[in-house]
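The data block below is protein.pdb; it holds PDB, C-alpha atoms.
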```pdb
ATOM      1  CA  MET C 159     -28.557-151.371 -32.905
ATOM      2  CA  THR C 160     -32.136-150.223 -33.429
ATOM      3  CA  SER C 161     -32.731-149.944 -29.725
ATOM      4  CA  ALA C 162     -29.496-147.988 -29.292
ATOM      5  CA  ILE C 163     -30.525-145.560 -32.041
ATOM      6  CA  SER C 164     -34.007-145.224 -30.522
ATOM      7  CA  ALA C 165     -32.500-144.512 -27.114
ATOM      8  CA  ALA C 166     -30.225-141.879 -28.582
ATOM      9  CA  VAL C 167     -33.091-140.235 -30.475
ATOM     10  CA  GLY C 168     -35.296-140.378 -27.400
ATOM     11  CA  ALA C 169     -32.623-138.710 -25.297
ATOM     12  CA  ALA C 170     -32.185-135.714 -27.602
ATOM     13  CA  PRO C 171     -35.451-133.942 -26.710
ATOM     14  CA  GLY C 172     -34.670-134.361 -23.029
ATOM     15  CA  ARG C 173     -31.298-132.662 -23.447
ATOM     16  CA  SER C 174     -32.956-129.851 -25.400
ATOM     17  CA  ARG C 175     -35.448-129.258 -22.613
ATOM     18  CA  ASN C 176     -32.650-129.203 -20.042
ATOM     19  CA  TYR C 177     -30.788-126.553 -22.040
ATOM     20  CA  GLN C 178     -33.932-124.436 -22.231
ATOM     21  CA  GLN C 179     -34.467-124.777 -18.502
ATOM     22  CA  LEU C 180     -30.877-123.727 -17.792
ATOM     23  CA  ALA C 181     -31.238-120.700 -20.081
ATOM     24  CA  PHE C 182     -34.200-119.343 -18.154
ATOM     25  CA  THR C 183     -33.255-120.364 -14.626
ATOM     26  CA  THR C 184     -33.701-117.600 -12.066
ATOM     27  CA  PRO C 185     -30.317-116.379 -10.715
ATOM     28  CA  ASP C 186     -29.268-117.477  -7.241
ATOM     29  CA  PRO C 187     -30.256-115.086  -4.400
ATOM     30  CA  SER C 188     -26.767-113.614  -3.963
ATOM     31  CA  LEU C 189     -26.482-112.778  -7.667
ATOM     32  CA  LYS C 190     -29.978-111.353  -7.692
ATOM     33  CA  ALA C 191     -29.085-109.143  -4.704
ATOM     34  CA  ARG C 192     -26.013-107.836  -6.557
ATOM     35  CA  ILE C 193     -28.173-107.012  -9.572
ATOM     36  CA  GLN C 194     -30.715-105.186  -7.431
ATOM     37  CA  ARG C 195     -27.925-103.238  -5.737
ATOM     38  CA  LEU C 196     -26.526-102.154  -9.103
ATOM     39  CA  LEU C 197     -29.957-101.163 -10.365
ATOM     40  CA  GLY C 198     -30.513 -99.024  -7.274
ATOM     41  CA  GLN C 199     -27.089 -97.386  -7.449
ATOM     42  CA  GLU C 200     -26.785 -93.914  -8.956
ATOM     43  CA  VAL C 201     -23.987 -93.605 -11.520
ATOM     44  CA  ASP C 202     -23.246 -89.978 -12.434
ATOM     45  CA  PHE C 203     -20.811 -89.093 -15.208
ATOM     46  CA  VAL C 204     -19.949 -86.189 -17.477
ATOM     47  CA  PRO C 205     -21.113 -87.260 -20.963
ATOM     48  CA  SER C 206     -19.047 -86.935 -24.120
ATOM     49  CA  LYS C 207     -19.666 -87.666 -27.806
ATOM     50  CA  GLU C 208     -16.406 -89.640 -27.778
ATOM     51  CA  PHE C 209     -17.976 -92.350 -25.628
ATOM     52  CA  ARG C 210     -20.465 -93.486 -28.269
ATOM     53  CA  CYS C 211     -17.828 -95.406 -30.212
ATOM     54  CA  SER C 212     -16.789 -98.550 -28.359
ATOM     55  CA  LEU C 213     -13.451 -98.682 -30.221
ATOM     56  CA  SER C 214     -12.615 -95.180 -29.028
ATOM     57  CA  GLY C 215     -13.523 -96.195 -25.502
ATOM     58  CA  GLU C 216     -11.056 -99.062 -25.472
ATOM     59  CA  ARG C 217      -8.407 -96.676 -26.818
ATOM     60  CA  PHE C 218      -9.132 -94.253 -23.963
ATOM     61  CA  LEU C 219      -8.485 -96.977 -21.405
ATOM     62  CA  ALA C 220      -5.230 -98.015 -23.078
ATOM     63  CA  GLU C 221      -3.994 -94.422 -23.350
ATOM     64  CA  SER C 222      -4.768 -93.642 -19.716
ATOM     65  CA  SER C 223      -2.835 -96.723 -18.579
ATOM     66  CA  GLU C 224       0.190 -95.787 -20.677
ATOM     67  CA  ALA C 225       0.130 -92.177 -19.476
ATOM     68  CA  ALA C 226      -0.123 -93.246 -15.844
ATOM     69  CA  SER C 227       2.878 -95.562 -16.104
ATOM     70  CA  ALA C 228       5.124 -93.550 -18.444
ATOM     71  CA  GLY C 229       4.172 -89.952 -17.647
ATOM     72  CA  VAL C 230       6.224 -87.373 -15.811
ATOM     73  CA  ARG C 231       6.041 -87.891 -12.054
ATOM     74  CA  SER C 232       6.742 -84.376 -10.856
ATOM     75  CA  ARG C 233       6.498 -83.516  -7.182
ATOM     76  CA  ALA C 234       5.864 -80.113  -5.689
ATOM     77  CA  LYS C 235       7.931 -78.979  -2.718
ATOM     78  CA  LEU C 236       5.968 -79.348   0.492
ATOM     79  CA  PRO C 237       6.044 -76.712   3.243
ATOM     80  CA  ARG C 238       8.684 -77.504   5.840
ATOM     81  CA  ASP C 239       6.266 -77.083   8.742
ATOM     82  CA  LEU C 240       3.708 -79.553   7.352
ATOM     83  CA  PRO C 241       2.882 -82.283   9.926
ATOM     84  CA  ALA C 242       3.708 -85.868   8.987
ATOM     85  CA  HIS C 243       0.069 -86.970   8.621
ATOM     86  CA  LEU C 244      -0.583 -84.119   6.180
ATOM     87  CA  ALA C 245       2.641 -84.741   4.294
ATOM     88  CA  ARG C 246       1.481 -88.319   3.705
ATOM     89  CA  MET C 247      -1.635 -86.938   2.034
ATOM     90  CA  CYS C 248       0.553 -85.106  -0.485
ATOM     91  CA  VAL C 249       2.878 -87.899  -1.598
ATOM     92  CA  ALA C 250       0.929 -88.633  -4.786
ATOM     93  CA  PRO C 251       2.693 -87.177  -7.845
ATOM     94  CA  LEU C 252       1.271 -84.159  -9.609
ATOM     95  CA  LEU C 253      -0.462 -84.826 -12.914
ATOM     96  CA  THR C 254       0.623 -83.405 -16.230
ATOM     97  CA  ALA C 255      -2.056 -81.872 -18.445
ATOM     98  CA  GLU C 256      -2.046 -85.017 -20.588
ATOM     99  CA  GLN C 257      -2.313 -87.379 -17.628
ATOM    100  CA  GLU C 258      -5.111 -85.304 -16.161
ATOM    101  CA  ARG C 259      -7.115 -85.357 -19.402
ATOM    102  CA  ASP C 260      -6.623 -89.102 -19.854
ATOM    103  CA  LEU C 261      -7.636 -89.903 -16.271
ATOM    104  CA  PHE C 262     -10.801 -87.783 -16.379
ATOM    105  CA  ARG C 263     -11.716 -89.289 -19.731
ATOM    106  CA  LYS C 264     -11.122 -92.782 -18.351
ATOM    107  CA  LEU C 265     -13.136 -92.032 -15.206
ATOM    108  CA  ASN C 266     -16.192 -90.818 -17.081
ATOM    109  CA  TYR C 267     -15.984 -93.447 -19.831
ATOM    110  CA  LEU C 268     -15.936 -96.252 -17.260
ATOM    111  CA  LYS C 269     -19.009 -94.793 -15.563
ATOM    112  CA  TYR C 270     -20.690 -94.320 -18.956
ATOM    113  CA  ARG C 271     -20.002 -97.945 -19.929
ATOM    114  CA  ALA C 272     -21.103 -99.270 -16.542
ATOM    115  CA  ASN C 273     -24.342 -97.295 -16.821
ATOM    116  CA  ALA C 274     -24.981 -98.589 -20.356
ATOM    117  CA  ARG C 275     -24.396-102.182 -19.262
ATOM    118  CA  ARG C 276     -26.549-101.658 -16.193
ATOM    119  CA  SER C 277     -29.478-100.501 -18.332
ATOM    120  CA  ARG C 278     -29.545-103.981 -19.894
ATOM    121  CA  LEU C 279     -29.593-105.848 -16.580
ATOM    122  CA  ASP C 280     -32.553-108.117 -15.833
ATOM    123  CA  PRO C 281     -32.841-109.598 -12.315
ATOM    124  CA  GLU C 282     -34.396-112.737 -13.787
ATOM    125  CA  ARG C 283     -32.171-113.292 -16.813
ATOM    126  CA  SER C 284     -28.743-111.651 -16.364
ATOM    127  CA  ASP C 285     -25.802-113.879 -15.472
ATOM    128  CA  ALA C 286     -22.737-113.411 -13.293
ATOM    129  CA  CYS C 287     -20.593-112.253 -16.224
ATOM    130  CA  ASP C 288     -22.890-109.266 -16.836
ATOM    131  CA  VAL C 289     -22.744-108.272 -13.183
ATOM    132  CA  GLU C 290     -18.990-108.722 -12.866
ATOM    133  CA  ALA C 291     -18.368-106.545 -15.935
ATOM    134  CA  ILE C 292     -20.325-103.655 -14.397
ATOM    135  CA  GLU C 293     -18.759-104.069 -10.962
ATOM    136  CA  SER C 294     -15.302-104.157 -12.562
ATOM    137  CA  ASP C 295     -15.971-100.881 -14.406
ATOM    138  CA  LEU C 296     -17.186 -99.208 -11.202
ATOM    139  CA  ARG C 297     -14.194-100.451  -9.193
ATOM    140  CA  GLU C 298     -11.775 -99.160 -11.815
ATOM    141  CA  ALA C 299     -13.641 -95.834 -11.955
ATOM    142  CA  SER C 300     -13.370 -95.526  -8.157
ATOM    143  CA  LYS C 301      -9.602 -96.211  -8.286
ATOM    144  CA  THR C 302      -9.175 -93.576 -11.004
ATOM    145  CA  ARG C 303     -11.205 -91.054  -8.999
ATOM    146  CA  ASP C 304      -9.075 -91.722  -5.908
ATOM    147  CA  GLN C 305      -5.903 -91.195  -7.934
ATOM    148  CA  ILE C 306      -7.116 -87.777  -9.110
ATOM    149  CA  ILE C 307      -8.119 -86.792  -5.567
ATOM    150  CA  ARG C 308      -4.776 -87.838  -4.073
ATOM    151  CA  SER C 309      -2.894 -85.890  -6.748
ATOM    152  CA  ASN C 310      -4.788 -82.701  -5.847
ATOM    153  CA  MET C 311      -4.726 -82.830  -2.038
ATOM    154  CA  ARG C 312      -1.859 -80.351  -1.803
ATOM    155  CA  LEU C 313      -4.135 -77.861  -3.601
ATOM    156  CA  VAL C 314      -6.769 -78.283  -0.880
ATOM    157  CA  ILE C 315      -4.193 -77.788   1.874
ATOM    158  CA  SER C 316      -2.779 -74.652   0.251
ATOM    159  CA  ILE C 317      -6.275 -73.109   0.019
ATOM    160  CA  VAL C 318      -7.431 -74.101   3.508
ATOM    161  CA  LYS C 319      -4.337 -72.645   5.209
ATOM    162  CA  LYS C 320      -5.394 -69.179   4.046
ATOM    163  CA  PHE C 321      -8.718 -69.373   5.910
ATOM    164  CA  VAL C 322      -7.578 -70.754   9.278
ATOM    165  CA  THR C 323      -8.470 -68.653  12.334
ATOM    166  CA  PRO C 324      -8.707 -69.442  16.065
ATOM    167  CA  ARG C 325     -12.446 -69.957  15.525
ATOM    168  CA  HIS C 326     -12.091 -72.073  12.357
ATOM    169  CA  THR C 327      -9.564 -74.855  12.791
ATOM    170  CA  PHE C 328      -7.451 -76.321  10.040
ATOM    171  CA  ASP C 329      -8.954 -79.803  10.495
ATOM    172  CA  ASP C 330     -12.552 -78.561  10.130
ATOM    173  CA  LEU C 331     -11.735 -76.548   7.029
ATOM    174  CA  LEU C 332      -9.684 -79.394   5.554
ATOM    175  CA  SER C 333     -12.724 -81.636   5.802
ATOM    176  CA  GLU C 334     -14.837 -79.036   3.978
ATOM    177  CA  GLY C 335     -12.150 -78.564   1.330
ATOM    178  CA  THR C 336     -11.717 -82.301   0.737
ATOM    179  CA  MET C 337     -15.456 -82.817   0.279
ATOM    180  CA  SER C 338     -15.489 -79.923  -2.179
ATOM    181  CA  LEU C 339     -12.572 -81.471  -4.090
ATOM    182  CA  MET C 340     -14.443 -84.785  -4.398
ATOM    183  CA  HIS C 341     -17.517 -82.988  -5.715
ATOM    184  CA  ALA C 342     -15.376 -81.043  -8.197
ATOM    185  CA  VAL C 343     -13.832 -84.279  -9.531
ATOM    186  CA  ASP C 344     -17.304 -85.670 -10.201
ATOM    187  CA  LYS C 345     -18.465 -82.518 -12.026
ATOM    188  CA  PHE C 346     -15.369 -81.528 -14.014
ATOM    189  CA  ASP C 347     -15.728 -81.561 -17.821
ATOM    190  CA  TYR C 348     -12.295 -82.360 -19.238
ATOM    191  CA  SER C 349     -13.447 -81.716 -22.813
ATOM    192  CA  LYS C 350     -13.547 -77.930 -22.281
ATOM    193  CA  GLY C 351      -9.773 -77.836 -22.396
ATOM    194  CA  PHE C 352      -8.764 -76.061 -19.178
ATOM    195  CA  ARG C 353      -6.900 -77.521 -16.225
ATOM    196  CA  PHE C 354      -8.738 -79.113 -13.323
ATOM    197  CA  SER C 355      -6.778 -77.065 -10.765
ATOM    198  CA  THR C 356      -8.351 -73.860 -12.139
ATOM    199  CA  TYR C 357     -11.839 -75.284 -11.736
ATOM    200  CA  ALA C 358     -11.130 -76.909  -8.355
ATOM    201  CA  TYR C 359      -9.456 -73.831  -6.852
ATOM    202  CA  ARG C 360     -12.592 -71.756  -7.346
ATOM    203  CA  ALA C 361     -14.930 -74.510  -6.152
ATOM    204  CA  ILE C 362     -12.936 -75.247  -2.991
ATOM    205  CA  SER C 363     -12.408 -71.570  -2.116
ATOM    206  CA  ARG C 364     -16.123 -70.823  -2.517
ATOM    207  CA  GLN C 365     -17.150 -73.755  -0.340
ATOM    208  CA  VAL C 366     -14.698 -72.983   2.460
ATOM    209  CA  TYR C 367     -15.654 -69.305   2.427
ATOM    210  CA  ARG C 368     -19.361 -70.208   2.425
ATOM    211  CA  SER C 369     -18.855 -72.551   5.385
ATOM    212  CA  ILE C 370     -17.110 -69.821   7.382
ATOM    213  CA  SER C 371     -19.761 -67.248   6.476
ATOM    214  CA  ASP C 372     -22.590 -69.602   7.490
ATOM    215  CA  GLN C 373     -20.905 -70.244  10.840
ATOM    216  CA  HIS C 374     -20.484 -66.513  11.452
ATOM    217  CA  LYS C 375     -24.156 -65.912  10.681
ATOM    218  CA  GLU C 376     -25.200 -68.752  12.961
ATOM    219  CA  ASP C 377     -23.018 -67.477  15.795
ATOM    220  CA  GLY C 378     -24.330 -63.936  15.299
ATOM    221  CA  ARG C 379     -27.955 -65.027  15.408
ATOM    222  CA  PHE C 380     -27.384 -67.100  18.534
ATOM    223  CA  ASP C 381     -25.486 -64.357  20.334
ATOM    224  CA  SER C 382     -28.235 -61.875  19.468
ATOM    225  CA  ALA C 383     -30.987 -64.203  20.696
ATOM    226  CA  ALA C 384     -29.048 -65.008  23.866
ATOM    227  CA  SER C 385     -28.523 -61.322  24.595
ATOM    228  CA  GLU C 386     -32.232 -60.602  24.166
ATOM    229  CA  GLY C 387     -33.105 -63.452  26.512
ATOM    230  CA  LEU C 388     -30.699 -62.234  29.165
ATOM    231  CA  GLU C 389     -32.020 -58.677  28.909
ATOM    232  CA  ASN C 390     -35.555 -59.969  29.517
ATOM    233  CA  LEU C 391     -34.371 -61.576  32.760
ATOM    234  CA  ASP C 392     -33.643 -58.116  34.121
ATOM    235  CA  CYS C 393     -37.295 -57.809  35.163
ATOM    236  CA  GLU C 394     -37.167 -60.823  37.489
ATOM    237  CA  PRO C 395     -37.051 -60.221  41.266
ATOM    238  CA  GLY C 396     -33.600 -60.356  42.743
ATOM    239  CA  LEU C 397     -31.649 -59.516  39.609
ATOM    240  CA  SER C 398     -31.513 -55.862  40.577
ATOM    241  CA  MET C 399     -29.573 -56.984  43.640
ATOM    242  CA  LEU C 400     -26.635 -57.943  41.420
ATOM    243  CA  ASP C 401     -24.001 -55.307  41.022
ATOM    244  CA  GLU C 402     -23.042 -54.330  37.493
ATOM    245  CA  LYS C 403     -19.783 -56.251  37.519
ATOM    246  CA  ARG C 404     -21.327 -59.579  38.582
ATOM    247  CA  TRP C 405     -24.201 -59.168  36.109
ATOM    248  CA  ALA C 406     -21.740 -58.577  33.245
ATOM    249  CA  GLN C 407     -19.838 -61.672  34.330
ATOM    250  CA  ARG C 408     -22.966 -63.840  34.371
ATOM    251  CA  ARG C 409     -24.119 -62.453  31.017
ATOM    252  CA  GLU C 410     -20.807 -63.321  29.378
ATOM    253  CA  LEU C 411     -20.729 -66.843  30.796
ATOM    254  CA  LEU C 412     -24.314 -67.650  29.813
ATOM    255  CA  THR C 413     -23.915 -66.265  26.307
ATOM    256  CA  GLY C 414     -20.916 -68.453  25.638
ATOM    257  CA  LEU C 415     -22.291 -71.604  27.253
ATOM    258  CA  VAL C 416     -23.613 -73.346  24.164
ATOM    259  CA  GLY C 417     -20.782 -71.911  22.105
ATOM    260  CA  ARG C 418     -18.361 -74.081  24.092
ATOM    261  CA  LEU C 419     -19.854 -77.218  22.591
ATOM    262  CA  ASP C 420     -18.418 -78.537  19.338
ATOM    263  CA  ARG C 421     -20.123 -77.499  16.093
ATOM    264  CA  ARG C 422     -22.217 -80.650  15.737
ATOM    265  CA  GLU C 423     -23.403 -80.520  19.339
ATOM    266  CA  GLN C 424     -24.274 -76.832  18.957
ATOM    267  CA  PHE C 425     -26.346 -77.594  15.877
ATOM    268  CA  ILE C 426     -28.195 -80.437  17.616
ATOM    269  CA  VAL C 427     -28.929 -78.486  20.819
ATOM    270  CA  ARG C 428     -30.072 -75.363  18.988
ATOM    271  CA  SER C 429     -32.256 -77.433  16.648
ATOM    272  CA  ARG C 430     -33.771 -79.582  19.394
ATOM    273  CA  PHE C 431     -34.588 -76.610  21.660
ATOM    274  CA  ALA C 432     -35.294 -73.946  18.984
ATOM    275  CA  LEU C 433     -32.461 -71.688  20.061
ATOM    276  CA  GLY C 434     -30.993 -68.804  18.098
ATOM    277  CA  SER C 435     -32.017 -68.868  14.438
ATOM    278  CA  HIS C 436     -33.774 -72.236  14.860
ATOM    279  CA  ARG C 437     -37.443 -71.296  15.206
ATOM    280  CA  ARG C 438     -38.772 -74.871  15.209
ATOM    281  CA  VAL C 439     -37.962 -77.890  17.337
ATOM    282  CA  ARG C 440     -36.454 -80.493  15.025
ATOM    283  CA  THR C 441     -36.925 -84.261  15.303
ATOM    284  CA  PHE C 442     -34.146 -86.821  15.603
ATOM    285  CA  GLN C 443     -35.093 -88.065  12.128
ATOM    286  CA  PHE C 444     -34.677 -84.586  10.618
ATOM    287  CA  LEU C 445     -31.278 -84.098  12.250
ATOM    288  CA  ALA C 446     -30.152 -87.604  11.270
ATOM    289  CA  GLY C 447     -30.842 -86.745   7.639
ATOM    290  CA  LYS C 448     -29.001 -83.424   7.906
ATOM    291  CA  LEU C 449     -25.932 -84.907   9.598
ATOM    292  CA  GLY C 450     -25.841 -88.213   7.720
ATOM    293  CA  ILE C 451     -25.973 -90.338  10.868
ATOM    294  CA  SER C 452     -28.553 -92.555  12.591
ATOM    295  CA  LYS C 453     -31.363 -91.278  14.832
ATOM    296  CA  GLU C 454     -29.839 -93.186  17.741
ATOM    297  CA  ARG C 455     -26.513 -91.437  17.212
ATOM    298  CA  VAL C 456     -28.255 -88.027  17.228
ATOM    299  CA  ARG C 457     -29.961 -88.955  20.513
ATOM    300  CA  GLN C 458     -26.617 -89.976  22.032
ATOM    301  CA  LEU C 459     -24.993 -86.727  20.925
ATOM    302  CA  GLU C 460     -27.876 -84.719  22.394
ATOM    303  CA  GLN C 461     -27.532 -86.496  25.738
ATOM    304  CA  ARG C 462     -23.783 -85.917  25.761
ATOM    305  CA  ALA C 463     -24.258 -82.224  24.954
ATOM    306  CA  ILE C 464     -26.833 -81.792  27.718
ATOM    307  CA  LEU C 465     -24.504 -83.419  30.248
ATOM    308  CA  ARG C 466     -21.736 -81.076  29.189
ATOM    309  CA  LEU C 467     -24.067 -78.085  29.506
ATOM    310  CA  GLN C 468     -25.047 -79.209  32.998
ATOM    311  CA  GLU C 469     -21.398 -79.475  33.988
ATOM    312  CA  MET C 470     -20.701 -76.043  32.541
ATOM    313  CA  ALA C 471     -23.766 -74.643  34.339
ATOM    314  CA  ASP C 472     -22.367 -75.948  37.643
ATOM    315  CA  GLU C 473     -19.058 -74.279  36.856
ATOM    316  CA  LEU C 474     -20.940 -71.145  35.876
ATOM    317  CA  GLY C 475     -22.757 -71.013  39.208
ATOM    318  CA  GLY C 476     -19.511 -71.415  41.108
ATOM    319  CA  ALA C 477     -17.760 -68.768  39.034
ATOM    320  CA  VAL C 478     -20.553 -66.233  39.503
ATOM    321  CA  ASP C 479     -21.166 -66.903  43.167
ATOM    322  CA  GLY C 480     -17.494 -67.030  44.082
TER     323      GLY C 480
END
```

Starting from the coordinates I provided, produce the structure as structure tokens.
Amino acid sequence: MTSAISAAVGAAPGRSRNYQQLAFTTPDPSLKARIQRLLGQEVDFVPSKEFRCSLSGERFLAESSEAASAGVRSRAKLPRDLPAHLARMCVAPLLTAEQERDLFRKLNYLKYRANARRSRLDPERSDACDVEAIESDLREASKTRDQIIRSNMRLVISIVKKFVTPRHTFDDLLSEGTMSLMHAVDKFDYSKGFRFSTYAYRAISRQVYRSISDQHKEDGRFDSAASEGLENLDCEPGLSMLDEKRWAQRRELLTGLVGRLDRREQFIVRSRFALGSHRRVRTFQFLAGKLGISKERVRQLEQRAILRLQEMADELGGAVDG
């Protein structure tokens, strides 16, 4: 009996030490990597005084779920000539004012809570439950954001259609408008009381108009620089032998050569060779940062553009000489 008691007493300190060791064990590498990723992730949200009370926050989440499931699912009539792939982008139901407020409040509260939880993370001490709670908030916030975006895509399409020209295609402008919509969702302050569509309409229209204006300026600068370069060639021997008609033909073809590339290729070629408004030769690294792609991808696009220019130059020579 005594020996059994002694053994039990002797075992207690050992168990205590094991518990202490478990409490301060460094997380496994995969968990630590998740923590580091969360700590390095930027979480932007529109703050509100309502978020400071945790009870109110839980109420926000409950209300947004009820509104999403029980709210009015109204649908706007789509244009008859809308292609199928665009019609699919507009199938999400429109949001009522109440649904809209609840979803924006939910979106920003989830980001607020995730950010607060993230501020308490410690790569050496935090456990999987802490990480999963933050990741769950961010996943739910992303789903809510996507729901708002889908419900407002018909607004983007209606705005973009007004700006389409032969020079500015619907697909290019739709991309600009969609990016502007995403940015507007992230910046909208629901607490001011007005509808998101009012705020988004102005933001999207400004961005699309700015994109078109920038392209016009870029084209104007390039055409001006190309014209000056062609005029300087007039002093070279042999050019005076060309009759006026053939010279006008060559001038037109050369001026439009780079303009026949797509917008990204034009930007790369003009930046790499300091053409038009680009007064400095830009590096692959600089262009990669501007375009959001890798340096290798920029190099591949440059090579493709040069090959296309060479092919067009061959066609140009045949057209002029023929």

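Every residue that the PyMOL selection byres ((chain C and resi 265) around 9) selects in this file is listed here: C:Phe203, C:Asp260, C:Leu261, C:Phe262, C:Arg263, C:Lys264, C:Asn266, C:Tyr267, C:Leu268, C:Lys269, C:Tyr270, C:Glu298, C:Ala299, C:Ser300, C:Lys301, C:Thr302, C:Arg303.
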
List the residues selected by the PyMOL selection byres ((chain C and resi 284) around 12) in the file shown, writing them as a CSV table (one decimal) with C-alpha atoms, in the coordinates of the input.
```
chain,number,residue,atom,x,y,z
C,181,ALA,CA,-31.2,-120.7,-20.1
C,182,PHE,CA,-34.2,-119.3,-18.2
C,183,THR,CA,-33.3,-120.4,-14.6
C,184,THR,CA,-33.7,-117.6,-12.1
C,185,PRO,CA,-30.3,-116.4,-10.7
C,186,ASP,CA,-29.3,-117.5,-7.2
C,189,LEU,CA,-26.5,-112.8,-7.7
C,190,LYS,CA,-30.0,-111.4,-7.7
C,191,ALA,CA,-29.1,-109.1,-4.7
C,192,ARG,CA,-26.0,-107.8,-6.6
C,193,ILE,CA,-28.2,-107.0,-9.6
C,194,GLN,CA,-30.7,-105.2,-7.4
C,275,ARG,CA,-24.4,-102.2,-19.3
C,276,ARG,CA,-26.5,-101.7,-16.2
C,277,SER,CA,-29.5,-100.5,-18.3
C,278,ARG,CA,-29.5,-104.0,-19.9
C,279,LEU,CA,-29.6,-105.8,-16.6
C,280,ASP,CA,-32.6,-108.1,-15.8
C,281,PRO,CA,-32.8,-109.6,-12.3
C,282,GLU,CA,-34.4,-112.7,-13.8
C,283,ARG,CA,-32.2,-113.3,-16.8
C,285,ASP,CA,-25.8,-113.9,-15.5
C,286,ALA,CA,-22.7,-113.4,-13.3
C,287,CYS,CA,-20.6,-112.3,-16.2
C,288,ASP,CA,-22.9,-109.3,-16.8
C,289,VAL,CA,-22.7,-108.3,-13.2
C,290,GLU,CA,-19.0,-108.7,-12.9
C,291,ALA,CA,-18.4,-106.5,-15.9
C,292,ILE,CA,-20.3,-103.7,-14.4
```

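The environment of Asp420 in chain C within 12 Å, counting all atoms listed in the file and disregarding residues fewer than 2 places along the same chain, consists of C:Arg325, C:His326, C:Thr327, C:Asp330, C:Leu415, C:Val416, C:Gly417, C:Arg418, C:Arg422, C:Glu423, C:Gln424, C:Phe425, C:Ile426, C:Val427, C:Leu459, C:Glu460, C:Arg462, C:Ala463, C:Arg466, C:Leu467.
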
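In this model, the gap between CA of Ile315 in chain C and CA of Val201 in chain C comes to 28.7 Å.
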
For CA of Arg457 in chain C and CA of Phe442 in chain C, determine how far apart the two atoms are, in Å to one decimal place. 6.8 Å

Would you mind completing range 323-337 of chain C so that it carries N, CA and C atoms, and writing it out as a PDB file, in the frame of the given file?
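Result went into selection39.pdb, see below:
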```pdb
ATOM      1  N   THR C 323      -8.406 -69.642  11.259  1.00  0.00           N
ATOM      2  CA  THR C 323      -8.470 -68.653  12.334  1.00  0.00           C
ATOM      3  C   THR C 323      -8.612 -69.411  13.651  1.00  0.00           C
ATOM      4  N   PRO C 324      -8.474 -68.743  14.789  1.00  0.00           N
ATOM      5  CA  PRO C 324      -8.707 -69.442  16.065  1.00  0.00           C
ATOM      6  C   PRO C 324     -10.099 -70.060  16.154  1.00  0.00           C
ATOM      7  N   ARG C 325     -11.073 -69.452  15.491  1.00  0.00           N
ATOM      8  CA  ARG C 325     -12.446 -69.957  15.525  1.00  0.00           C
ATOM      9  C   ARG C 325     -12.670 -71.088  14.526  1.00  0.00           C
ATOM     10  N   HIS C 326     -11.908 -71.080  13.424  1.00  0.00           N
ATOM     11  CA  HIS C 326     -12.091 -72.073  12.357  1.00  0.00           C
ATOM     12  C   HIS C 326     -10.791 -72.851  12.203  1.00  0.00           C
ATOM     13  N   THR C 327     -10.790 -74.066  12.742  1.00  0.00           N
ATOM     14  CA  THR C 327      -9.564 -74.855  12.791  1.00  0.00           C
ATOM     15  C   THR C 327      -9.203 -75.420  11.424  1.00  0.00           C
ATOM     16  N   PHE C 328      -7.936 -75.750  11.291  1.00  0.00           N
ATOM     17  CA  PHE C 328      -7.451 -76.321  10.040  1.00  0.00           C
ATOM     18  C   PHE C 328      -8.156 -77.636   9.723  1.00  0.00           C
ATOM     19  N   ASP C 329      -8.342 -78.498  10.730  1.00  0.00           N
ATOM     20  CA  ASP C 329      -8.954 -79.803  10.495  1.00  0.00           C
ATOM     21  C   ASP C 329     -10.391 -79.677   9.987  1.00  0.00           C
ATOM     22  N   ASP C 330     -11.169 -78.762  10.580  1.00  0.00           N
ATOM     23  CA  ASP C 330     -12.552 -78.561  10.130  1.00  0.00           C
ATOM     24  C   ASP C 330     -12.588 -78.073   8.690  1.00  0.00           C
ATOM     25  N   LEU C 331     -11.742 -77.105   8.377  1.00  0.00           N
ATOM     26  CA  LEU C 331     -11.735 -76.548   7.029  1.00  0.00           C
ATOM     27  C   LEU C 331     -11.174 -77.541   6.014  1.00  0.00           C
ATOM     28  N   LEU C 332     -10.226 -78.369   6.451  1.00  0.00           N
ATOM     29  CA  LEU C 332      -9.684 -79.394   5.554  1.00  0.00           C
ATOM     30  C   LEU C 332     -10.761 -80.384   5.157  1.00  0.00           C
ATOM     31  N   SER C 333     -11.606 -80.733   6.108  1.00  0.00           N
ATOM     32  CA  SER C 333     -12.724 -81.636   5.802  1.00  0.00           C
ATOM     33  C   SER C 333     -13.653 -81.014   4.765  1.00  0.00           C
ATOM     34  N   GLU C 334     -13.982 -79.738   4.946  1.00  0.00           N
ATOM     35  CA  GLU C 334     -14.837 -79.036   3.978  1.00  0.00           C
ATOM     36  C   GLU C 334     -14.167 -78.997   2.601  1.00  0.00           C
ATOM     37  N   GLY C 335     -12.869 -78.675   2.591  1.00  0.00           N
ATOM     38  CA  GLY C 335     -12.150 -78.564   1.330  1.00  0.00           C
ATOM     39  C   GLY C 335     -12.040 -79.891   0.605  1.00  0.00           C
ATOM     40  N   THR C 336     -11.834 -80.976   1.357  1.00  0.00           N
ATOM     41  CA  THR C 336     -11.717 -82.301   0.737  1.00  0.00           C
ATOM     42  C   THR C 336     -13.043 -82.736   0.123  1.00  0.00           C
ATOM     43  N   MET C 337     -14.143 -82.492   0.830  1.00  0.00           N
ATOM     44  CA  MET C 337     -15.456 -82.817   0.279  1.00  0.00           C
ATOM     45  C   MET C 337     -15.727 -82.015  -0.995  1.00  0.00           C
TER      46      MET C 337
END
```
